[in-house]
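Novice: Sending over work_34.txt (compact mmCIF, N, CA and C atoms).
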# COMPACT_ATOMS: atom_id res chain seq x y z
N MET A 1 32.57 27.89 -19.76
CA MET A 1 32.48 26.56 -20.25
C MET A 1 31.01 26.22 -20.51
N LEU A 2 30.76 25.62 -21.65
CA LEU A 2 29.41 25.24 -22.03
C LEU A 2 29.13 23.82 -21.56
N ARG A 3 27.97 23.67 -21.02
CA ARG A 3 27.57 22.32 -20.62
C ARG A 3 26.49 21.85 -21.57
N ARG A 4 26.68 20.62 -21.97
CA ARG A 4 25.67 20.04 -22.86
C ARG A 4 24.98 18.91 -22.12
N TYR A 5 23.70 18.99 -22.07
CA TYR A 5 22.91 17.95 -21.42
C TYR A 5 22.28 17.09 -22.52
N THR A 6 22.48 15.81 -22.41
CA THR A 6 21.85 14.92 -23.38
C THR A 6 20.58 14.37 -22.76
N LYS A 7 19.59 14.36 -23.55
CA LYS A 7 18.30 13.85 -23.11
C LYS A 7 17.91 12.71 -24.03
N GLY A 8 17.17 11.72 -23.50
CA GLY A 8 16.73 10.60 -24.31
C GLY A 8 17.66 9.41 -24.15
N PHE A 9 17.53 8.48 -25.09
CA PHE A 9 18.27 7.22 -25.02
C PHE A 9 19.43 7.24 -25.98
N SER A 10 20.47 6.58 -25.58
CA SER A 10 21.59 6.43 -26.51
C SER A 10 21.34 5.19 -27.37
N LEU A 11 22.10 5.02 -28.40
CA LEU A 11 21.94 3.89 -29.30
C LEU A 11 22.22 2.57 -28.58
N VAL A 12 23.15 2.55 -27.66
CA VAL A 12 23.48 1.34 -26.91
C VAL A 12 22.29 0.92 -26.04
N GLU A 13 21.66 1.85 -25.41
CA GLU A 13 20.51 1.52 -24.57
C GLU A 13 19.37 0.96 -25.40
N VAL A 14 19.16 1.52 -26.57
CA VAL A 14 18.11 1.03 -27.47
C VAL A 14 18.41 -0.39 -27.91
N MET A 15 19.66 -0.69 -28.25
CA MET A 15 20.03 -2.04 -28.68
C MET A 15 19.85 -3.06 -27.54
N VAL A 16 20.22 -2.69 -26.32
CA VAL A 16 20.04 -3.58 -25.17
C VAL A 16 18.56 -3.86 -24.96
N ALA A 17 17.73 -2.85 -25.03
CA ALA A 17 16.29 -3.03 -24.87
C ALA A 17 15.73 -3.93 -25.97
N LEU A 18 16.22 -3.78 -27.17
CA LEU A 18 15.76 -4.61 -28.29
C LEU A 18 16.14 -6.07 -28.07
N VAL A 19 17.33 -6.34 -27.57
CA VAL A 19 17.76 -7.71 -27.28
C VAL A 19 16.89 -8.33 -26.18
N VAL A 20 16.63 -7.56 -25.13
CA VAL A 20 15.81 -8.07 -24.02
C VAL A 20 14.40 -8.40 -24.50
N VAL A 21 13.80 -7.54 -25.28
CA VAL A 21 12.45 -7.78 -25.81
C VAL A 21 12.45 -8.97 -26.76
N SER A 22 13.49 -9.11 -27.58
CA SER A 22 13.58 -10.24 -28.52
C SER A 22 13.67 -11.57 -27.78
N VAL A 23 14.48 -11.64 -26.75
CA VAL A 23 14.59 -12.87 -25.96
C VAL A 23 13.26 -13.21 -25.31
N GLY A 24 12.59 -12.20 -24.80
CA GLY A 24 11.26 -12.43 -24.21
C GLY A 24 10.26 -12.94 -25.22
N MET A 25 10.27 -12.40 -26.42
CA MET A 25 9.34 -12.85 -27.46
C MET A 25 9.66 -14.27 -27.91
N LEU A 26 10.93 -14.64 -27.97
CA LEU A 26 11.29 -16.02 -28.31
C LEU A 26 10.79 -16.98 -27.23
N GLY A 27 10.87 -16.57 -25.98
CA GLY A 27 10.34 -17.40 -24.90
C GLY A 27 8.84 -17.58 -25.00
N VAL A 28 8.12 -16.53 -25.32
CA VAL A 28 6.67 -16.61 -25.49
C VAL A 28 6.32 -17.51 -26.67
N ALA A 29 7.07 -17.40 -27.76
CA ALA A 29 6.81 -18.26 -28.92
C ALA A 29 7.06 -19.73 -28.58
N GLY A 30 8.11 -20.01 -27.81
CA GLY A 30 8.38 -21.39 -27.39
C GLY A 30 7.26 -21.93 -26.52
N LEU A 31 6.76 -21.13 -25.61
CA LEU A 31 5.63 -21.56 -24.77
C LEU A 31 4.39 -21.81 -25.61
N TYR A 32 4.17 -20.98 -26.61
CA TYR A 32 3.01 -21.16 -27.49
C TYR A 32 3.10 -22.49 -28.24
N VAL A 33 4.28 -22.81 -28.76
CA VAL A 33 4.46 -24.08 -29.49
C VAL A 33 4.25 -25.26 -28.55
N ASN A 34 4.81 -25.20 -27.33
CA ASN A 34 4.60 -26.28 -26.35
C ASN A 34 3.13 -26.42 -26.00
N GLY A 35 2.44 -25.32 -25.88
CA GLY A 35 1.00 -25.37 -25.59
C GLY A 35 0.22 -26.04 -26.71
N LEU A 36 0.57 -25.74 -27.95
CA LEU A 36 -0.09 -26.38 -29.09
C LEU A 36 0.17 -27.88 -29.11
N GLN A 37 1.41 -28.28 -28.83
CA GLN A 37 1.75 -29.71 -28.81
C GLN A 37 1.01 -30.42 -27.69
N ALA A 38 0.94 -29.82 -26.52
CA ALA A 38 0.23 -30.44 -25.40
C ALA A 38 -1.26 -30.54 -25.70
N GLY A 39 -1.81 -29.53 -26.34
CA GLY A 39 -3.23 -29.57 -26.73
C GLY A 39 -3.51 -30.68 -27.73
N ARG A 40 -2.61 -30.87 -28.70
CA ARG A 40 -2.78 -31.93 -29.68
C ARG A 40 -2.71 -33.30 -29.01
N THR A 41 -1.74 -33.48 -28.12
CA THR A 41 -1.60 -34.75 -27.41
C THR A 41 -2.83 -35.02 -26.55
N ALA A 42 -3.33 -34.00 -25.88
CA ALA A 42 -4.53 -34.16 -25.05
C ALA A 42 -5.74 -34.54 -25.91
N MET A 43 -5.87 -33.93 -27.08
CA MET A 43 -6.99 -34.24 -27.97
C MET A 43 -6.91 -35.69 -28.44
N PHE A 44 -5.71 -36.14 -28.85
CA PHE A 44 -5.56 -37.52 -29.29
C PHE A 44 -5.78 -38.50 -28.14
N SER A 45 -5.32 -38.16 -26.94
CA SER A 45 -5.54 -39.03 -25.79
C SER A 45 -7.03 -39.14 -25.49
N HIS A 46 -7.74 -38.04 -25.58
CA HIS A 46 -9.20 -38.07 -25.38
C HIS A 46 -9.87 -38.97 -26.43
N GLN A 47 -9.46 -38.84 -27.68
CA GLN A 47 -10.02 -39.67 -28.74
C GLN A 47 -9.73 -41.15 -28.48
N ALA A 48 -8.52 -41.46 -27.99
CA ALA A 48 -8.16 -42.85 -27.71
C ALA A 48 -9.00 -43.41 -26.57
N VAL A 49 -9.21 -42.64 -25.52
CA VAL A 49 -10.03 -43.10 -24.39
C VAL A 49 -11.47 -43.31 -24.84
N THR A 50 -11.99 -42.40 -25.64
CA THR A 50 -13.35 -42.55 -26.16
C THR A 50 -13.47 -43.79 -27.03
N LEU A 51 -12.49 -44.01 -27.90
CA LEU A 51 -12.50 -45.19 -28.77
C LEU A 51 -12.40 -46.47 -27.96
N ALA A 52 -11.52 -46.51 -26.95
CA ALA A 52 -11.40 -47.70 -26.11
C ALA A 52 -12.71 -47.97 -25.37
N GLY A 53 -13.39 -46.93 -24.93
CA GLY A 53 -14.69 -47.11 -24.28
C GLY A 53 -15.72 -47.67 -25.23
N ASP A 54 -15.70 -47.21 -26.48
CA ASP A 54 -16.62 -47.75 -27.49
C ASP A 54 -16.34 -49.22 -27.76
N VAL A 55 -15.06 -49.57 -27.86
CA VAL A 55 -14.67 -50.97 -28.07
C VAL A 55 -15.17 -51.82 -26.90
N ALA A 56 -14.96 -51.34 -25.68
CA ALA A 56 -15.40 -52.08 -24.50
C ALA A 56 -16.93 -52.26 -24.49
N ASP A 57 -17.64 -51.21 -24.87
CA ASP A 57 -19.10 -51.31 -24.92
C ASP A 57 -19.57 -52.31 -25.97
N ARG A 58 -18.92 -52.33 -27.12
CA ARG A 58 -19.29 -53.28 -28.17
C ARG A 58 -19.00 -54.72 -27.74
N ILE A 59 -17.89 -54.92 -27.04
CA ILE A 59 -17.57 -56.26 -26.55
C ILE A 59 -18.59 -56.69 -25.50
N ARG A 60 -18.95 -55.78 -24.59
CA ARG A 60 -19.93 -56.10 -23.56
C ARG A 60 -21.30 -56.38 -24.16
N ALA A 61 -21.62 -55.76 -25.29
CA ALA A 61 -22.90 -55.99 -25.95
C ALA A 61 -22.95 -57.34 -26.67
N ASN A 62 -21.81 -57.93 -26.91
CA ASN A 62 -21.71 -59.22 -27.61
C ASN A 62 -20.81 -60.15 -26.79
N PRO A 63 -21.18 -60.49 -25.55
CA PRO A 63 -20.27 -61.20 -24.66
C PRO A 63 -19.95 -62.62 -25.07
N ARG A 64 -20.76 -63.25 -25.89
CA ARG A 64 -20.53 -64.64 -26.27
C ARG A 64 -19.54 -64.78 -27.43
N ALA A 65 -19.10 -63.68 -27.99
CA ALA A 65 -18.16 -63.75 -29.12
C ALA A 65 -16.78 -64.22 -28.68
N GLY A 66 -16.41 -63.94 -27.44
CA GLY A 66 -15.15 -64.44 -26.89
C GLY A 66 -13.94 -64.16 -27.76
N ALA A 67 -13.29 -65.22 -28.21
CA ALA A 67 -12.04 -65.11 -28.96
C ALA A 67 -12.23 -64.51 -30.35
N ALA A 68 -13.47 -64.32 -30.81
CA ALA A 68 -13.68 -63.71 -32.13
C ALA A 68 -13.16 -62.27 -32.15
N TYR A 69 -13.06 -61.63 -30.98
CA TYR A 69 -12.51 -60.28 -30.91
C TYR A 69 -10.99 -60.28 -30.82
N ASP A 70 -10.39 -61.43 -30.52
CA ASP A 70 -8.95 -61.51 -30.31
C ASP A 70 -8.20 -61.21 -31.60
N GLY A 71 -7.13 -60.47 -31.47
CA GLY A 71 -6.31 -60.14 -32.62
C GLY A 71 -6.53 -58.72 -33.08
N ASN A 72 -5.89 -58.38 -34.15
CA ASN A 72 -5.96 -57.00 -34.62
C ASN A 72 -6.27 -56.93 -36.11
N GLY A 73 -7.01 -57.88 -36.61
CA GLY A 73 -7.34 -57.87 -38.03
C GLY A 73 -8.25 -56.72 -38.39
N PRO A 74 -8.39 -56.46 -39.68
CA PRO A 74 -9.20 -55.33 -40.10
C PRO A 74 -10.69 -55.54 -39.94
N GLY A 75 -11.13 -56.78 -39.80
CA GLY A 75 -12.56 -57.04 -39.68
C GLY A 75 -13.25 -56.97 -41.02
N VAL A 76 -14.51 -57.37 -41.02
CA VAL A 76 -15.33 -57.37 -42.23
C VAL A 76 -16.68 -56.77 -41.87
N ASN A 77 -17.17 -55.90 -42.71
CA ASN A 77 -18.47 -55.29 -42.45
C ASN A 77 -19.57 -56.22 -42.97
N HIS A 78 -20.23 -56.94 -42.06
CA HIS A 78 -21.34 -57.82 -42.42
C HIS A 78 -22.69 -57.10 -42.37
N ASN A 79 -22.65 -55.78 -42.21
CA ASN A 79 -23.87 -54.98 -42.11
C ASN A 79 -24.78 -55.46 -40.99
N CYS A 80 -24.19 -55.88 -39.88
CA CYS A 80 -24.97 -56.39 -38.75
C CYS A 80 -25.78 -55.30 -38.06
N THR A 81 -25.47 -54.06 -38.35
CA THR A 81 -26.18 -52.97 -37.69
C THR A 81 -27.51 -52.65 -38.36
N LYS A 82 -27.75 -53.23 -39.51
CA LYS A 82 -29.04 -53.03 -40.17
C LYS A 82 -30.08 -53.92 -39.51
N GLY A 83 -31.30 -53.48 -39.46
CA GLY A 83 -32.35 -54.22 -38.78
C GLY A 83 -32.76 -55.51 -39.45
N ASP A 84 -32.56 -55.64 -40.76
CA ASP A 84 -33.02 -56.83 -41.48
C ASP A 84 -31.93 -57.89 -41.67
N VAL A 85 -30.76 -57.69 -41.05
CA VAL A 85 -29.66 -58.64 -41.19
C VAL A 85 -29.50 -59.39 -39.87
N ASP A 86 -29.44 -60.73 -39.96
CA ASP A 86 -29.27 -61.55 -38.77
C ASP A 86 -27.85 -62.09 -38.74
N CYS A 87 -27.04 -61.62 -37.79
CA CYS A 87 -25.63 -62.03 -37.70
C CYS A 87 -25.42 -62.87 -36.45
N ASP A 88 -24.48 -63.81 -36.54
CA ASP A 88 -24.10 -64.55 -35.34
C ASP A 88 -23.04 -63.74 -34.58
N GLU A 89 -22.56 -64.30 -33.45
CA GLU A 89 -21.62 -63.58 -32.60
C GLU A 89 -20.31 -63.27 -33.32
N ALA A 90 -19.78 -64.22 -34.08
CA ALA A 90 -18.51 -64.01 -34.78
C ALA A 90 -18.64 -62.94 -35.87
N GLN A 91 -19.77 -62.93 -36.59
CA GLN A 91 -19.98 -61.90 -37.61
C GLN A 91 -20.12 -60.52 -36.98
N MET A 92 -20.81 -60.47 -35.84
CA MET A 92 -20.94 -59.19 -35.15
C MET A 92 -19.58 -58.71 -34.66
N ALA A 93 -18.75 -59.63 -34.18
CA ALA A 93 -17.39 -59.27 -33.75
C ALA A 93 -16.58 -58.74 -34.93
N ALA A 94 -16.70 -59.38 -36.09
CA ALA A 94 -15.97 -58.91 -37.28
C ALA A 94 -16.45 -57.54 -37.71
N THR A 95 -17.75 -57.30 -37.60
CA THR A 95 -18.30 -55.98 -37.95
C THR A 95 -17.82 -54.93 -36.96
N ASP A 96 -17.84 -55.26 -35.66
CA ASP A 96 -17.33 -54.33 -34.65
C ASP A 96 -15.88 -53.99 -34.91
N THR A 97 -15.07 -55.01 -35.18
CA THR A 97 -13.65 -54.80 -35.46
C THR A 97 -13.46 -53.89 -36.67
N PHE A 98 -14.26 -54.12 -37.71
CA PHE A 98 -14.20 -53.28 -38.90
C PHE A 98 -14.46 -51.82 -38.55
N PHE A 99 -15.52 -51.56 -37.78
CA PHE A 99 -15.89 -50.19 -37.46
C PHE A 99 -14.87 -49.50 -36.55
N TRP A 100 -14.36 -50.21 -35.54
CA TRP A 100 -13.43 -49.49 -34.67
C TRP A 100 -12.07 -49.31 -35.30
N GLN A 101 -11.63 -50.19 -36.20
CA GLN A 101 -10.39 -49.94 -36.93
C GLN A 101 -10.57 -48.72 -37.85
N GLN A 102 -11.76 -48.62 -38.44
CA GLN A 102 -12.06 -47.47 -39.29
C GLN A 102 -12.06 -46.19 -38.46
N GLN A 103 -12.66 -46.24 -37.27
CA GLN A 103 -12.67 -45.07 -36.39
C GLN A 103 -11.24 -44.69 -35.98
N ALA A 104 -10.44 -45.69 -35.65
CA ALA A 104 -9.07 -45.41 -35.19
C ALA A 104 -8.27 -44.68 -36.26
N THR A 105 -8.38 -45.12 -37.51
CA THR A 105 -7.61 -44.46 -38.57
C THR A 105 -8.19 -43.10 -38.93
N THR A 106 -9.46 -42.87 -38.61
CA THR A 106 -10.08 -41.58 -38.90
C THR A 106 -9.71 -40.52 -37.87
N VAL A 107 -9.74 -40.86 -36.58
CA VAL A 107 -9.57 -39.85 -35.54
C VAL A 107 -8.15 -39.77 -34.97
N LEU A 108 -7.31 -40.75 -35.26
CA LEU A 108 -5.94 -40.75 -34.73
C LEU A 108 -4.94 -40.92 -35.86
N PRO A 109 -3.79 -40.23 -35.79
CA PRO A 109 -2.78 -40.42 -36.83
C PRO A 109 -2.17 -41.82 -36.74
N ASP A 110 -2.33 -42.59 -37.79
CA ASP A 110 -1.89 -43.98 -37.84
C ASP A 110 -2.46 -44.76 -36.65
N GLY A 111 -3.76 -44.52 -36.38
CA GLY A 111 -4.42 -45.14 -35.24
C GLY A 111 -4.65 -46.63 -35.45
N ARG A 112 -4.59 -47.37 -34.35
CA ARG A 112 -4.74 -48.82 -34.40
C ARG A 112 -5.36 -49.30 -33.11
N VAL A 113 -6.24 -50.31 -33.21
CA VAL A 113 -6.85 -50.94 -32.04
C VAL A 113 -6.47 -52.41 -32.04
N ASP A 114 -5.93 -52.87 -30.92
CA ASP A 114 -5.59 -54.28 -30.74
C ASP A 114 -6.35 -54.81 -29.53
N VAL A 115 -6.96 -55.98 -29.69
CA VAL A 115 -7.70 -56.60 -28.60
C VAL A 115 -7.12 -57.98 -28.34
N GLN A 116 -6.86 -58.28 -27.09
CA GLN A 116 -6.38 -59.60 -26.69
C GLN A 116 -7.41 -60.21 -25.74
N PHE A 117 -7.79 -61.44 -26.02
CA PHE A 117 -8.79 -62.15 -25.22
C PHE A 117 -8.09 -63.14 -24.30
N ASN A 118 -8.49 -63.15 -23.04
CA ASN A 118 -7.96 -64.10 -22.07
C ASN A 118 -9.14 -64.86 -21.49
N GLY A 119 -9.41 -66.05 -22.03
CA GLY A 119 -10.51 -66.87 -21.55
C GLY A 119 -10.13 -67.77 -20.40
N GLY A 120 -8.88 -67.72 -19.98
CA GLY A 120 -8.40 -68.59 -18.91
C GLY A 120 -8.71 -68.09 -17.52
N VAL A 121 -9.33 -66.94 -17.40
CA VAL A 121 -9.70 -66.40 -16.09
C VAL A 121 -11.22 -66.28 -16.03
N ASN A 122 -11.74 -66.17 -14.83
CA ASN A 122 -13.19 -66.05 -14.66
C ASN A 122 -13.49 -64.76 -13.91
N PRO A 123 -14.19 -63.82 -14.46
CA PRO A 123 -14.75 -63.78 -15.81
C PRO A 123 -13.65 -63.53 -16.85
N PRO A 124 -13.92 -63.91 -18.10
CA PRO A 124 -12.93 -63.68 -19.17
C PRO A 124 -12.59 -62.20 -19.29
N GLU A 125 -11.35 -61.91 -19.70
CA GLU A 125 -10.89 -60.54 -19.80
C GLU A 125 -10.44 -60.21 -21.21
N TYR A 126 -10.60 -58.97 -21.55
CA TYR A 126 -10.11 -58.42 -22.81
C TYR A 126 -9.15 -57.28 -22.48
N THR A 127 -8.02 -57.26 -23.14
CA THR A 127 -7.10 -56.13 -23.04
C THR A 127 -7.24 -55.34 -24.33
N ILE A 128 -7.63 -54.09 -24.20
CA ILE A 128 -7.83 -53.21 -25.36
C ILE A 128 -6.70 -52.20 -25.39
N ASN A 129 -5.99 -52.15 -26.51
CA ASN A 129 -4.88 -51.23 -26.67
C ASN A 129 -5.16 -50.35 -27.88
N VAL A 130 -5.20 -49.05 -27.68
CA VAL A 130 -5.36 -48.08 -28.76
C VAL A 130 -4.03 -47.34 -28.88
N SER A 131 -3.44 -47.35 -30.08
CA SER A 131 -2.15 -46.70 -30.27
C SER A 131 -2.21 -45.75 -31.46
N TRP A 132 -1.32 -44.76 -31.45
CA TRP A 132 -1.25 -43.77 -32.52
C TRP A 132 0.13 -43.16 -32.53
N ASP A 133 0.44 -42.44 -33.61
CA ASP A 133 1.75 -41.79 -33.76
C ASP A 133 1.66 -40.33 -33.37
N GLU A 134 2.61 -39.92 -32.55
CA GLU A 134 2.85 -38.51 -32.25
C GLU A 134 4.20 -38.19 -32.87
N PRO A 135 4.50 -36.94 -33.14
CA PRO A 135 5.81 -36.63 -33.69
C PRO A 135 6.93 -37.13 -32.77
N GLY A 136 7.71 -38.05 -33.27
CA GLY A 136 8.85 -38.56 -32.52
C GLY A 136 8.59 -39.74 -31.62
N GLU A 137 7.34 -40.17 -31.46
CA GLU A 137 7.07 -41.31 -30.57
C GLU A 137 5.73 -41.96 -30.90
N ARG A 138 5.61 -43.19 -30.48
CA ARG A 138 4.37 -43.96 -30.62
C ARG A 138 3.68 -43.92 -29.26
N ARG A 139 2.43 -43.50 -29.21
CA ARG A 139 1.67 -43.40 -27.97
C ARG A 139 0.63 -44.49 -27.93
N ASP A 140 0.22 -44.89 -26.73
CA ASP A 140 -0.84 -45.87 -26.64
C ASP A 140 -1.59 -45.73 -25.33
N PHE A 141 -2.81 -46.23 -25.35
CA PHE A 141 -3.68 -46.26 -24.19
C PHE A 141 -4.20 -47.68 -24.08
N GLU A 142 -4.14 -48.24 -22.88
CA GLU A 142 -4.53 -49.64 -22.71
C GLU A 142 -5.46 -49.78 -21.52
N ILE A 143 -6.55 -50.57 -21.70
CA ILE A 143 -7.42 -50.89 -20.59
C ILE A 143 -7.69 -52.39 -20.57
N LEU A 144 -8.03 -52.88 -19.40
CA LEU A 144 -8.35 -54.29 -19.20
C LEU A 144 -9.78 -54.35 -18.69
N ILE A 145 -10.65 -55.10 -19.42
CA ILE A 145 -12.05 -55.19 -18.98
C ILE A 145 -12.45 -56.64 -18.80
N PRO A 146 -13.12 -56.95 -17.69
CA PRO A 146 -13.73 -58.27 -17.54
C PRO A 146 -15.12 -58.23 -18.17
N VAL A 147 -15.52 -59.33 -18.80
CA VAL A 147 -16.83 -59.37 -19.45
C VAL A 147 -17.60 -60.57 -18.90
N LEU A 148 -18.73 -60.31 -18.30
CA LEU A 148 -19.59 -61.37 -17.77
C LEU A 148 -20.53 -61.87 -18.84
N GLY A 149 -21.00 -63.07 -18.70
CA GLY A 149 -22.03 -63.57 -19.59
C GLY A 149 -21.57 -64.51 -20.67
N ILE A 150 -20.33 -64.94 -20.63
CA ILE A 150 -19.85 -65.87 -21.66
C ILE A 150 -20.17 -67.28 -21.24
Written as structure tokens, how would this file's structure read?

Specialist:
Amino acid sequence: MLRRYTKGFSLVEVMVALVVVSVGMLGVAGLYVNGLQAGRTAMFSHQAVTLAGDVADRIRANPRAGAAYDGNGPGVNHNCTKGDVDCDEAQMAATDTFFWQQQATTVLPDGRVDVQFNGGVNPPEYTINVSWDEPGERRDFEILIPVLGI
């Protein structure tokens, strides 16, 4: 009687190995996509925090403007940042609003900055809300700052 020894892999074993490797690669691809999405969200969150800090600094630099910062209008560029232009508090607030709305739309998808003024407390407070669109949801970052000197 002749004995035949088979060496190597059968076709079934090769197909099973191919399925196992394919499932593993799909898992790696899914993790890669989730990592990209988390990185994008982290980048936009960082931009929102930076923008909110800039807004807070501009408000603190012009503390007497008070309610001129209230609302979410587009603002007007009065060129108050030029050395030869003399602006009052309200014009400076309108210029600040113009610049940070411009920044929000530049660095965030459908970015928006809303400021609410509360003069009924001492010291007066501003609530700064920076919002933007992420795929499937609207995200926002909000801070509350007291401003002395009004």

Novice: Between CA of Gly24 (chain A) and CA of Met43 (chain A), what is the distance, to one decimal in Å?

Specialist: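 A separation of 28.7 Å between them.
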
Novice: Please, which residues in region 9-49 of chain A fall within 8 Å of region 123-141 of chain A when counting only C-alpha atoms, and what is the closest atom pair and distance in Å to one decimal for each, ordered by chain then residue number, as JSON lines?

Specialist:
{"residue": "A:Thr41", "atom": "CA", "partner": "A:Glu134", "partner_atom": "CA", "distance": 7.6}
{"residue": "A:Ser45", "atom": "CA", "partner": "A:Phe141", "partner_atom": "CA", "distance": 7.6}
{"residue": "A:Ala48", "atom": "CA", "partner": "A:Val130", "partner_atom": "CA", "distance": 6.0}
{"residue": "A:Val49", "atom": "CA", "partner": "A:Phe141", "partner_atom": "CA", "distance": 7.1}

Novice: If I take atom C of Phe117 (chain A) and atom C of Glu142 (chain A), how far is one from the other in Å, to one decimal?

Specialist: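 Separation between atom C of Phe117 (chain A) and atom C of Glu142 (chain A): 13.9 Å.
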
Novice: Could you write out, as an MDAnalysis selection string, all the residues of chain A that DSSP marks as alpha helix (DSSP H)?

Specialist: chainID A and resid 11:61 89:107

Novice: At what distance in Å, to one decimal, does CA of Pro146 (chain A) lie from CA of Val55 (chain A)?

Specialist: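 Here the two named atoms are 12.8 Å from each other.
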
Novice: Just the residues within 6 Å of region 88-92 of chain A, please, counting only N, CA and C atoms, with nothing from its chain fewer than 3 positions along; format it as a list of chain:residue names.

Specialist: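 Near neighbours after the sequence-gap exclusion: A:Arg64, A:Ala65, A:Ala68, A:Thr95, A:Asp96, A:Thr97.
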
Novice: Grab the residues selected above and save them as a CSV table (one decimal), keeping the file's coordinate frame with N, CA and C atoms.

Specialist:
chain,number,residue,atom,x,y,z
A,64,ARG,N,-20.8,-63.2,-25.9
A,64,ARG,CA,-20.5,-64.6,-26.3
A,64,ARG,C,-19.5,-64.8,-27.4
A,65,ALA,N,-19.1,-63.7,-28.0
A,65,ALA,CA,-18.2,-63.8,-29.1
A,65,ALA,C,-16.8,-64.2,-28.7
A,68,ALA,N,-13.5,-64.3,-30.8
A,68,ALA,CA,-13.7,-63.7,-32.1
A,68,ALA,C,-13.2,-62.3,-32.2
A,95,THR,N,-17.8,-57.3,-37.6
A,95,THR,CA,-18.3,-56.0,-38.0
A,95,THR,C,-17.8,-54.9,-37.0
A,96,ASP,N,-17.8,-55.3,-35.7
A,96,ASP,CA,-17.3,-54.3,-34.6
A,96,ASP,C,-15.9,-54.0,-34.9
A,97,THR,N,-15.1,-55.0,-35.2
A,97,THR,CA,-13.6,-54.8,-35.5
A,97,THR,C,-13.5,-53.9,-36.7

Novice: Just checking: using only C-alpha atoms, which residue out of A:Cys80, A:Val19, A:Ala104, A:Arg4 ends up closest to Asn62 (chain A)?

Specialist: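 Using only C-alpha atoms, Asn62 (chain A) sits closest to A:Cys80.
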
Novice: Run DSSP on the backbone and grab whatever in chain A lands in strand (DSSP E); send it over as number ranges by chain.

Specialist: A: 112-118, 125-134, 137-146

Novice: Keeping only N, CA and C atoms, take the residues you just selected and write them out as a compact mmCIF listing (two decimals), in the coordinates of the input.

Specialist:
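Final file, out_21.txt:
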# COMPACT_ATOMS: atom_id res chain seq x y z
N ARG A 112 -4.59 -47.37 -34.35
CA ARG A 112 -4.74 -48.82 -34.40
C ARG A 112 -5.36 -49.30 -33.11
N VAL A 113 -6.24 -50.31 -33.21
CA VAL A 113 -6.85 -50.94 -32.04
C VAL A 113 -6.47 -52.41 -32.04
N ASP A 114 -5.93 -52.87 -30.92
CA ASP A 114 -5.59 -54.28 -30.74
C ASP A 114 -6.35 -54.81 -29.53
N VAL A 115 -6.96 -55.98 -29.69
CA VAL A 115 -7.70 -56.60 -28.60
C VAL A 115 -7.12 -57.98 -28.34
N GLN A 116 -6.86 -58.28 -27.09
CA GLN A 116 -6.38 -59.60 -26.69
C GLN A 116 -7.41 -60.21 -25.74
N PHE A 117 -7.79 -61.44 -26.02
CA PHE A 117 -8.79 -62.15 -25.22
C PHE A 117 -8.09 -63.14 -24.30
N ASN A 118 -8.49 -63.15 -23.04
CA ASN A 118 -7.96 -64.10 -22.07
C ASN A 118 -9.14 -64.86 -21.49
N GLU A 125 -11.35 -61.91 -19.70
CA GLU A 125 -10.89 -60.54 -19.80
C GLU A 125 -10.44 -60.21 -21.21
N TYR A 126 -10.60 -58.97 -21.55
CA TYR A 126 -10.11 -58.42 -22.81
C TYR A 126 -9.15 -57.28 -22.48
N THR A 127 -8.02 -57.26 -23.14
CA THR A 127 -7.10 -56.13 -23.04
C THR A 127 -7.24 -55.34 -24.33
N ILE A 128 -7.63 -54.09 -24.20
CA ILE A 128 -7.83 -53.21 -25.36
C ILE A 128 -6.70 -52.20 -25.39
N ASN A 129 -5.99 -52.15 -26.51
CA ASN A 129 -4.88 -51.23 -26.67
C ASN A 129 -5.16 -50.35 -27.88
N VAL A 130 -5.20 -49.05 -27.68
CA VAL A 130 -5.36 -48.08 -28.76
C VAL A 130 -4.03 -47.34 -28.88
N SER A 131 -3.44 -47.35 -30.08
CA SER A 131 -2.15 -46.70 -30.27
C SER A 131 -2.21 -45.75 -31.46
N TRP A 132 -1.32 -44.76 -31.45
CA TRP A 132 -1.25 -43.77 -32.52
C TRP A 132 0.13 -43.16 -32.53
N ASP A 133 0.44 -42.44 -33.61
CA ASP A 133 1.75 -41.79 -33.76
C ASP A 133 1.66 -40.33 -33.37
N GLU A 134 2.61 -39.92 -32.55
CA GLU A 134 2.85 -38.51 -32.25
C GLU A 134 4.20 -38.19 -32.87
N GLU A 137 7.34 -40.17 -31.46
CA GLU A 137 7.07 -41.31 -30.57
C GLU A 137 5.73 -41.96 -30.90
N ARG A 138 5.61 -43.19 -30.48
CA ARG A 138 4.37 -43.96 -30.62
C ARG A 138 3.68 -43.92 -29.26
N ARG A 139 2.43 -43.50 -29.21
CA ARG A 139 1.67 -43.40 -27.97
C ARG A 139 0.63 -44.49 -27.93
N ASP A 140 0.22 -44.89 -26.73
CA ASP A 140 -0.84 -45.87 -26.64
C ASP A 140 -1.59 -45.73 -25.33
N PHE A 141 -2.81 -46.23 -25.35
CA PHE A 141 -3.68 -46.26 -24.19
C PHE A 141 -4.20 -47.68 -24.08
N GLU A 142 -4.14 -48.24 -22.88
CA GLU A 142 -4.53 -49.64 -22.71
C GLU A 142 -5.46 -49.78 -21.52
N ILE A 143 -6.55 -50.57 -21.70
CA ILE A 143 -7.42 -50.89 -20.59
C ILE A 143 -7.69 -52.39 -20.57
N LEU A 144 -8.03 -52.88 -19.40
CA LEU A 144 -8.35 -54.29 -19.20
C LEU A 144 -9.78 -54.35 -18.69
N ILE A 145 -10.65 -55.10 -19.42
CA ILE A 145 -12.05 -55.19 -18.98
C ILE A 145 -12.45 -56.64 -18.80
N PRO A 146 -13.12 -56.95 -17.69
CA PRO A 146 -13.73 -58.27 -17.54
C PRO A 146 -15.12 -58.23 -18.17

Novice: Quick one: of A:Val85, A:Leu31, A:Ala94, A:Val113, who's nearest to Gly71 (chain A), counting all atoms listed in the file?

Specialist: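 Result for the nearest residue to Gly71 (chain A): A:Val113.
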